[in-house]
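Colleague: Input file: data-v4.cif. Contents: mmCIF, C-alpha atoms and all ligand atoms.
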```
data_run
loop_
_atom_site.label_atom_id
_atom_site.label_comp_id
_atom_site.auth_asym_id
_atom_site.auth_seq_id
_atom_site.Cartn_x
_atom_site.Cartn_y
_atom_site.Cartn_z
CA MET A 1 95.94 137.74 97.54
CA LEU A 2 97.26 135.37 94.95
CA SER A 3 95.73 132.17 96.14
CA MET A 4 94.11 130.21 98.90
CA ILE A 5 95.77 126.95 99.79
CA ARG A 6 94.32 124.20 101.95
CA ARG A 7 95.83 120.78 102.58
CA GLN A 8 94.25 117.50 103.56
CA ARG A 9 96.08 115.04 105.80
CA PRO A 10 97.90 112.31 103.88
CA ARG A 11 96.76 108.70 104.10
CA ARG A 12 99.24 105.94 104.66
CA VAL A 13 99.93 102.85 102.64
CA PRO A 14 101.77 99.89 104.15
CA LEU A 15 105.12 99.12 102.55
CA ARG A 16 107.58 96.53 103.85
CA PHE A 17 111.38 96.81 103.87
CA THR A 18 113.96 94.81 105.83
CA GLY A 19 117.36 95.62 107.38
CA SER A 20 118.62 98.91 108.79
CA LEU A 21 118.53 100.70 105.42
CA GLY A 22 115.12 99.21 104.88
CA ARG A 23 113.91 100.67 108.17
CA GLU A 24 115.25 104.08 107.11
CA LEU A 25 113.33 103.82 103.87
CA GLN A 26 110.28 102.49 105.64
CA GLY A 27 110.23 105.55 107.88
CA GLY A 28 110.83 107.97 105.05
CA LEU A 29 108.27 106.52 102.76
CA THR A 30 105.43 105.66 105.08
CA ARG A 31 105.60 109.08 106.70
CA HIS A 32 104.86 110.60 103.35
CA SER A 33 103.66 107.50 101.63
CA LEU A 34 100.56 108.85 100.01
CA PRO A 35 100.45 112.42 98.77
CA SER A 36 98.19 114.94 100.41
CA VAL A 37 95.71 116.89 98.33
CA ARG A 38 96.68 120.53 98.05
CA HIS A 39 93.61 122.64 97.32
CA VAL A 40 94.57 125.85 95.56
CA SER A 41 92.32 128.64 94.34
CA LEU A 42 93.96 130.79 91.68
CA GLN A 43 92.68 134.24 90.81
CA LEU A 44 93.35 134.69 87.10
CA PRO A 45 92.62 138.13 85.62
CA HIS A 46 92.12 136.85 82.06
CA LEU A 47 89.95 133.85 82.89
CA PRO A 48 86.60 134.18 81.08
CA ALA A 49 83.51 133.93 83.28
CA ALA A 50 82.42 130.83 81.36
CA TRP A 51 85.39 128.97 82.82
CA ASP A 52 85.15 130.27 86.36
CA GLY A 53 85.40 127.42 88.84
CA LEU A 54 87.17 125.00 86.52
CA LYS A 55 88.85 122.29 88.60
CA VAL A 56 92.17 121.05 87.25
CA LEU A 57 93.95 118.21 89.00
CA GLN A 58 97.73 118.26 88.54
CA ILE A 59 99.74 115.09 89.17
CA SER A 60 103.48 115.49 88.73
CA ASP A 61 106.75 113.60 89.09
CA VAL A 62 105.26 110.20 89.81
CA HIS A 63 108.65 108.51 89.21
CA ALA A 64 107.07 105.08 88.83
CA GLY A 65 109.59 102.46 89.91
CA PRO A 66 110.84 100.69 93.02
CA PHE A 67 109.79 103.54 95.31
CA ALA A 68 106.49 104.11 93.51
CA PRO A 69 105.14 100.62 92.84
CA VAL A 70 101.85 99.72 91.19
CA LYS A 71 99.87 99.47 94.44
CA ARG A 72 100.89 102.95 95.55
CA LEU A 73 100.03 104.42 92.17
CA GLN A 74 96.66 102.70 92.17
CA LEU A 75 95.89 104.34 95.52
CA ILE A 76 96.89 107.73 94.11
CA ARG A 77 94.69 107.06 91.08
CA ARG A 78 91.76 106.33 93.38
CA MET A 79 92.43 109.54 95.35
CA ALA A 80 92.56 111.48 92.09
CA GLN A 81 89.36 109.97 90.78
CA ASP A 82 87.50 110.74 94.03
CA LEU A 83 88.31 114.46 93.61
CA GLU A 84 86.14 114.59 90.47
CA ALA A 85 88.26 117.20 88.69
CA GLU A 86 87.02 118.24 85.26
CA LEU A 87 90.51 118.10 83.78
CA VAL A 88 93.50 116.02 84.87
CA VAL A 89 97.08 116.75 83.79
CA PHE A 90 100.32 114.86 84.35
CA THR A 91 103.26 117.24 84.19
CA GLY A 92 106.16 114.90 83.50
CA ASP A 93 108.58 112.43 85.07
CA GLN A 94 105.94 109.74 85.08
CA LEU A 95 108.84 107.26 84.89
CA ASP A 96 111.96 107.18 87.03
CA ARG A 97 114.68 105.66 84.85
CA ARG A 98 114.17 101.92 84.13
CA PRO A 99 112.30 100.50 81.12
CA SER A 100 110.22 98.41 83.56
CA ASP A 101 108.91 101.63 85.11
CA ALA A 102 106.66 102.11 82.06
CA GLU A 103 104.50 99.12 82.93
CA ILE A 104 104.36 100.13 86.60
CA PHE A 105 103.04 103.53 85.58
CA SER A 106 100.49 102.29 83.06
CA ARG A 107 99.15 99.61 85.44
CA GLY A 108 99.03 102.08 88.31
CA PHE A 109 97.01 104.72 86.49
CA ASP A 110 95.10 102.47 84.11
CA GLY A 111 91.62 103.83 83.46
CA ILE A 112 92.00 107.27 85.05
CA SER A 113 89.43 109.57 83.51
CA ALA A 114 87.97 113.08 83.60
CA PRO A 115 85.20 114.86 81.66
CA LEU A 116 87.69 117.05 79.74
CA GLY A 117 90.23 114.27 79.48
CA VAL A 118 93.51 113.26 81.08
CA TRP A 119 96.59 114.69 79.40
CA GLY A 120 100.31 114.20 79.92
CA ILE A 121 103.65 115.74 78.96
CA LEU A 122 107.15 114.32 79.29
CA GLY A 123 109.88 115.23 81.77
CA ASN A 124 113.63 114.77 81.80
CA HIS A 125 113.34 111.35 83.49
CA ASP A 126 110.88 110.18 80.83
CA HIS A 127 113.42 111.00 78.13
CA LEU A 128 116.17 109.47 80.25
CA THR A 129 114.18 106.21 80.37
CA SER A 130 112.99 106.17 76.75
CA THR A 131 110.91 108.78 74.93
CA SER A 132 108.88 106.18 73.04
CA LEU A 133 108.29 104.03 76.14
CA ALA A 134 107.21 107.08 78.09
CA VAL A 135 104.66 108.02 75.42
CA ARG A 136 103.37 104.45 75.26
CA SER A 137 103.04 104.23 79.04
CA LEU A 138 100.76 107.27 78.98
CA GLU A 139 98.67 105.81 76.17
CA SER A 140 98.44 102.41 77.87
CA ALA A 141 96.95 104.06 80.94
CA GLY A 142 94.40 105.93 78.82
CA ILE A 143 96.22 109.26 79.20
CA GLN A 144 96.54 111.35 76.06
CA PRO A 145 100.11 112.52 75.36
CA LEU A 146 100.26 116.25 74.70
CA VAL A 147 103.84 116.78 73.58
CA ASN A 148 104.23 119.88 71.44
CA GLN A 149 100.52 119.77 70.80
CA SER A 150 97.47 121.81 71.74
CA VAL A 151 93.87 120.93 72.42
CA GLN A 152 90.89 123.24 72.80
CA PHE A 153 87.77 123.05 74.95
CA GLU A 154 84.66 125.16 74.48
CA ARG A 155 82.14 126.26 77.09
CA GLU A 156 79.31 128.70 76.31
CA GLY A 157 81.13 129.62 73.12
CA VAL A 158 84.33 130.54 74.99
CA VAL A 159 87.47 128.57 74.22
CA LEU A 160 90.16 127.43 76.65
CA SER A 161 93.32 125.96 75.17
CA LEU A 162 95.75 123.50 76.67
CA THR A 163 99.22 123.29 75.18
CA GLY A 164 101.76 120.72 76.28
CA VAL A 165 105.40 121.37 75.39
CA ASP A 166 108.24 118.89 75.32
CA ASP A 167 110.84 119.02 78.07
CA LEU A 168 113.81 121.38 77.92
CA SER A 169 116.03 118.27 78.01
CA SER A 170 114.34 116.59 75.06
CA PRO A 171 116.76 114.90 72.67
CA GLY A 172 114.39 115.90 69.86
CA GLU A 173 113.45 119.37 68.72
CA GLY A 174 112.72 120.59 72.25
CA PRO A 175 109.74 122.53 73.49
CA ASP A 176 107.67 124.39 70.90
CA PHE A 177 106.37 127.41 72.77
CA SER A 178 105.13 129.00 69.53
CA LEU A 179 102.08 126.71 69.76
CA ILE A 180 100.83 128.82 72.65
CA ALA A 181 100.80 131.99 70.59
CA GLU A 182 98.75 130.20 67.92
CA GLN A 183 95.88 129.75 70.41
CA GLU A 184 94.43 133.17 69.69
CA ASN A 185 91.32 134.35 71.51
CA THR A 186 91.53 131.58 74.09
CA PHE A 187 92.44 131.34 77.72
CA ARG A 188 95.83 129.67 77.39
CA ILE A 189 97.12 127.00 79.78
CA CYS A 190 100.57 125.55 79.18
CA LEU A 191 102.03 122.33 80.60
CA CYS A 192 105.82 122.51 80.87
CA HIS A 193 107.75 120.08 83.08
CA GLN A 194 110.53 122.43 84.16
CA PRO A 195 109.39 125.71 85.72
CA GLU A 196 112.20 127.58 83.98
CA GLY A 197 110.12 127.18 80.80
CA TRP A 198 107.58 129.61 82.26
CA ILE A 199 109.57 132.59 80.96
CA ASP A 200 109.17 131.43 77.35
CA ALA A 201 105.61 130.23 77.87
CA ALA A 202 104.54 133.56 79.34
CA ALA A 203 106.30 135.44 76.55
CA ARG A 204 104.17 133.46 74.06
CA GLY A 205 100.97 134.36 75.89
CA ALA A 206 100.40 131.56 78.41
CA HIS A 207 98.03 132.82 81.09
CA LEU A 208 98.73 129.87 83.36
CA THR A 209 101.68 127.48 83.22
CA LEU A 210 101.73 124.23 85.22
CA ALA A 211 105.10 122.70 86.03
CA GLY A 212 106.76 120.20 88.36
CA HIS A 213 110.36 118.92 88.27
CA THR A 214 111.60 120.44 91.54
CA HIS A 215 109.87 118.03 93.97
CA GLY A 216 109.62 121.14 96.15
CA GLY A 217 113.33 120.61 96.78
CA GLN A 218 112.59 117.09 98.10
CA LEU A 219 115.08 117.74 100.92
CA ALA A 220 114.19 121.19 102.13
CA LEU A 221 114.88 123.00 105.39
CA THR A 222 112.50 125.77 104.37
CA THR A 223 109.95 125.98 101.61
CA ARG A 224 111.79 128.37 99.34
CA ARG A 225 115.03 129.76 100.81
CA LEU A 226 117.05 126.86 102.32
CA ASN A 227 116.04 124.47 99.60
CA VAL A 228 118.02 122.14 97.32
CA ALA A 229 115.92 123.08 94.29
CA ARG A 230 117.08 126.68 94.59
CA VAL A 231 120.35 125.64 92.93
CA ALA A 232 118.44 125.07 89.69
CA THR A 233 115.51 127.47 89.83
CA ARG A 234 113.89 130.16 91.89
CA TYR A 235 110.45 128.66 91.13
CA ILE A 236 110.39 125.85 93.68
CA ALA A 237 106.80 125.17 94.66
CA GLY A 238 103.38 126.76 94.64
CA PRO A 239 102.01 129.77 92.75
CA TYR A 240 104.04 132.55 91.15
CA ARG A 241 102.89 135.64 89.30
CA ARG A 242 104.55 137.95 86.83
CA GLU A 243 102.15 140.67 85.75
CA ASN A 244 99.18 138.70 84.43
CA ALA A 245 101.04 135.44 83.79
CA PHE A 246 100.85 132.74 86.45
CA LEU A 247 102.96 129.71 87.21
CA TYR A 248 102.05 126.87 89.51
CA VAL A 249 104.74 124.37 90.52
CA SER A 250 103.68 121.05 92.04
CA ARG A 251 105.90 119.26 94.55
CA GLY A 252 104.83 116.04 92.85
CA THR A 253 104.18 112.62 94.32
CA GLY A 254 107.46 110.74 93.88
CA VAL A 255 111.14 110.81 94.66
CA GLY A 256 114.20 111.12 92.44
CA ALA A 257 117.70 109.81 93.14
CA VAL A 258 117.33 109.94 96.93
CA PRO A 259 114.30 107.91 98.07
CA LEU A 260 113.45 110.28 100.90
CA ARG A 261 111.60 113.52 101.34
CA PHE A 262 112.13 116.02 104.11
CA GLY A 263 110.29 119.32 104.36
CA ALA A 264 108.68 118.82 100.97
CA PRO A 265 105.88 116.28 101.36
CA PRO A 266 104.35 114.73 98.25
CA GLU A 267 101.16 116.19 96.91
CA ILE A 268 98.62 116.19 94.16
CA ASP A 269 97.18 119.60 93.40
CA LEU A 270 93.53 120.43 92.89
CA LEU A 271 93.54 123.85 91.27
CA THR A 272 90.32 125.85 91.09
CA LEU A 273 90.53 128.60 88.49
CA ARG A 274 88.66 131.75 89.45
CA THR A 275 87.89 135.04 87.79
CA PRO A 276 88.82 138.03 90.01
CA ALA A 277 85.20 138.94 90.74
CA MET A 278 84.20 135.40 91.69
CA TYR A 279 87.38 135.00 93.77
CA ARG A 280 86.61 138.18 95.73
CA SER A 281 83.06 137.12 96.45
CA ARG A 282 84.30 133.72 97.64
CA VAL A 283 86.92 135.01 100.09
CA ALA A 284 84.89 138.02 101.34
FE FE B 301 111.06 114.56 88.90
#
```
Reformat the file's structure so that it appears as structure tokens.

Modeller:
Amino acid sequence: MLSMIRRQRPRRVPLRFTGSLGRELQGGLTRHSLPSVRHVSLQLPHLPAAWDGLKVLQISDVHAGPFAPVKRLQLIRRMAQDLEAELVVFTGDQLDRRPSDAEIFSRGFDGISAPLGVWGILGNHDHLTSTSLAVRSLESAGIQPLVNQSVQFEREGVVLSLTGVDDLSSPGEGPDFSLIAEQENTFRICLCHQPEGWIDAAARGAHLTLAGHTHGGQLALTTRRLNVARVATRYIAGPYRRENAFLYVSRGTGVGAVPLRFGAPPEIDLLTLRTPAMYRSRVA
């Protein structure tokens, strides 16, 4: 079995809209107003025993803006903090598309922390808004940008590396997957906003790639088959495996152009990384 997944019921946050369109939005947003916590246990063949049980919280596609205002983001930040993950990662599209979204994001997540740090990459909407503003909004919240950069963590003499690559849509030099291959003798985690980047990340030795971008389809009749995101990628949501390389795609917390979700509720993802032996003993 690839993974165990457990969901907690979402909490609601009051939002107020007026008029008939407002009532539509009210229904769509309050129904899924706060993300649920998706608990996922991943069995990773190459994970060293020293890192067994590592809890990584993934927050993706926040899309700070009119449909993800400061108050909502502050509630998500509180949810995230209560989960006490050792490592927190933001996997892009923190901003929706307006310059003012940067302040909404940084105020919403201001002060978020984790023992191994809070790290963030950029998505296509971050570049669409402004690359420099998007980087600054991460920094203002106390989140460390990891854009074509790697960082290493050591436990019992065993090193785990985290590489964040720039988005495929970057107006700059684009994602530098070669950084992953440079992390020799480590367990290699890659952050890449668009799941299509997994192919390159895995080819460069990423054991686990974390992505977002799809919103789980956002408007989805079924999880994977009758799903809008299938037009762009076959990696829509959840865990995927190709030999010993794994991909996890978060449905994210926000909305893109259409401020509604159907069949793809928002989520934050608490990933527990397990070695095969520990995973077997846990599920037995
Ligand atoms: Fe997005």

Colleague: Show which residues sit within 10 Å of His46 of chain A, as a list in words. Count only C-alpha atoms, and ignore same-chain residues fewer than 6 positions away.

Modeller: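 These residues fall inside the cut-off: Thr186, Phe187, Arg188, His207, Leu208, Asn244, Ala245, Arg274, Thr275 and Pro276 of chain A.
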
Colleague: Quick one: pull the distance between atom CA of Leu191 of chain A and atom CA of Ile104 of chain A, Å, one decimal.

Modeller: 23.1 Å

Colleague: At a cut-off of 10 Å, using only C-alpha atoms, what residues contact Pro145 of chain A? Leave out same-chain residues fewer than 3 positions from it and give the result as a ChimeraX atom specification.

Modeller: /A:89-90,118-122,134-139,142,148-149,164

Colleague: May I have the residues within 12 Å of Leu128 of chain A as a ChimeraX atom specification, using only C-alpha atoms and disregarding those fewer than 4 positions away in the same chain?

Modeller: /A:63,92-99,101,122-124,132-134,167,169-171

Colleague: Residues at most 12 Å from ligand FE 301 (chain B), using all atoms listed in the file? Could they come as an NGL selection string?

Modeller: :A and (59-64 or 90-97 or 122-128 or 167 or 193-195 or 211-218 or 229 or 249-259 or 266)

Colleague: Report as a VMD selection string all protein, DNA and RNA residues lying within 8 Å of Arg77 of chain A, evaluated on only C-alpha atoms, omitting residues in the same chain fewer than 3 positions from it.

Modeller: chain A and resid 73 to 74 80 to 81 108 to 109 112

Colleague: In Å, how far is it from atom CA of Phe153 of chain A to atom CA of Val40 of chain A?

Modeller: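 Separating atom CA of Phe153 of chain A from atom CA of Val40 of chain A is a distance of 21.9 Å.
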
Colleague: Give me, please, the distance in Å between atom CA of Arg107 of chain A and atom CA of Ile76 of chain A, quoted to one decimal.

Modeller: 12.1 Å

Colleague: Any idea what's packed within 12 Å of Leu179 of chain A, counting only C-alpha atoms, ignoring anything in its chain fewer than 6 positions away? Could you give it as a list in words?

Modeller: Leu146, Val147, Asn148, Gln149, Ser150, Val151, Ser161, Leu162, Thr163, Gly164, Val165, Asp166, Arg188, Ile189, Cys190, Leu191, Asp200, Ala201, Ala203, Arg204, Gly205 and Ala206 of chain A
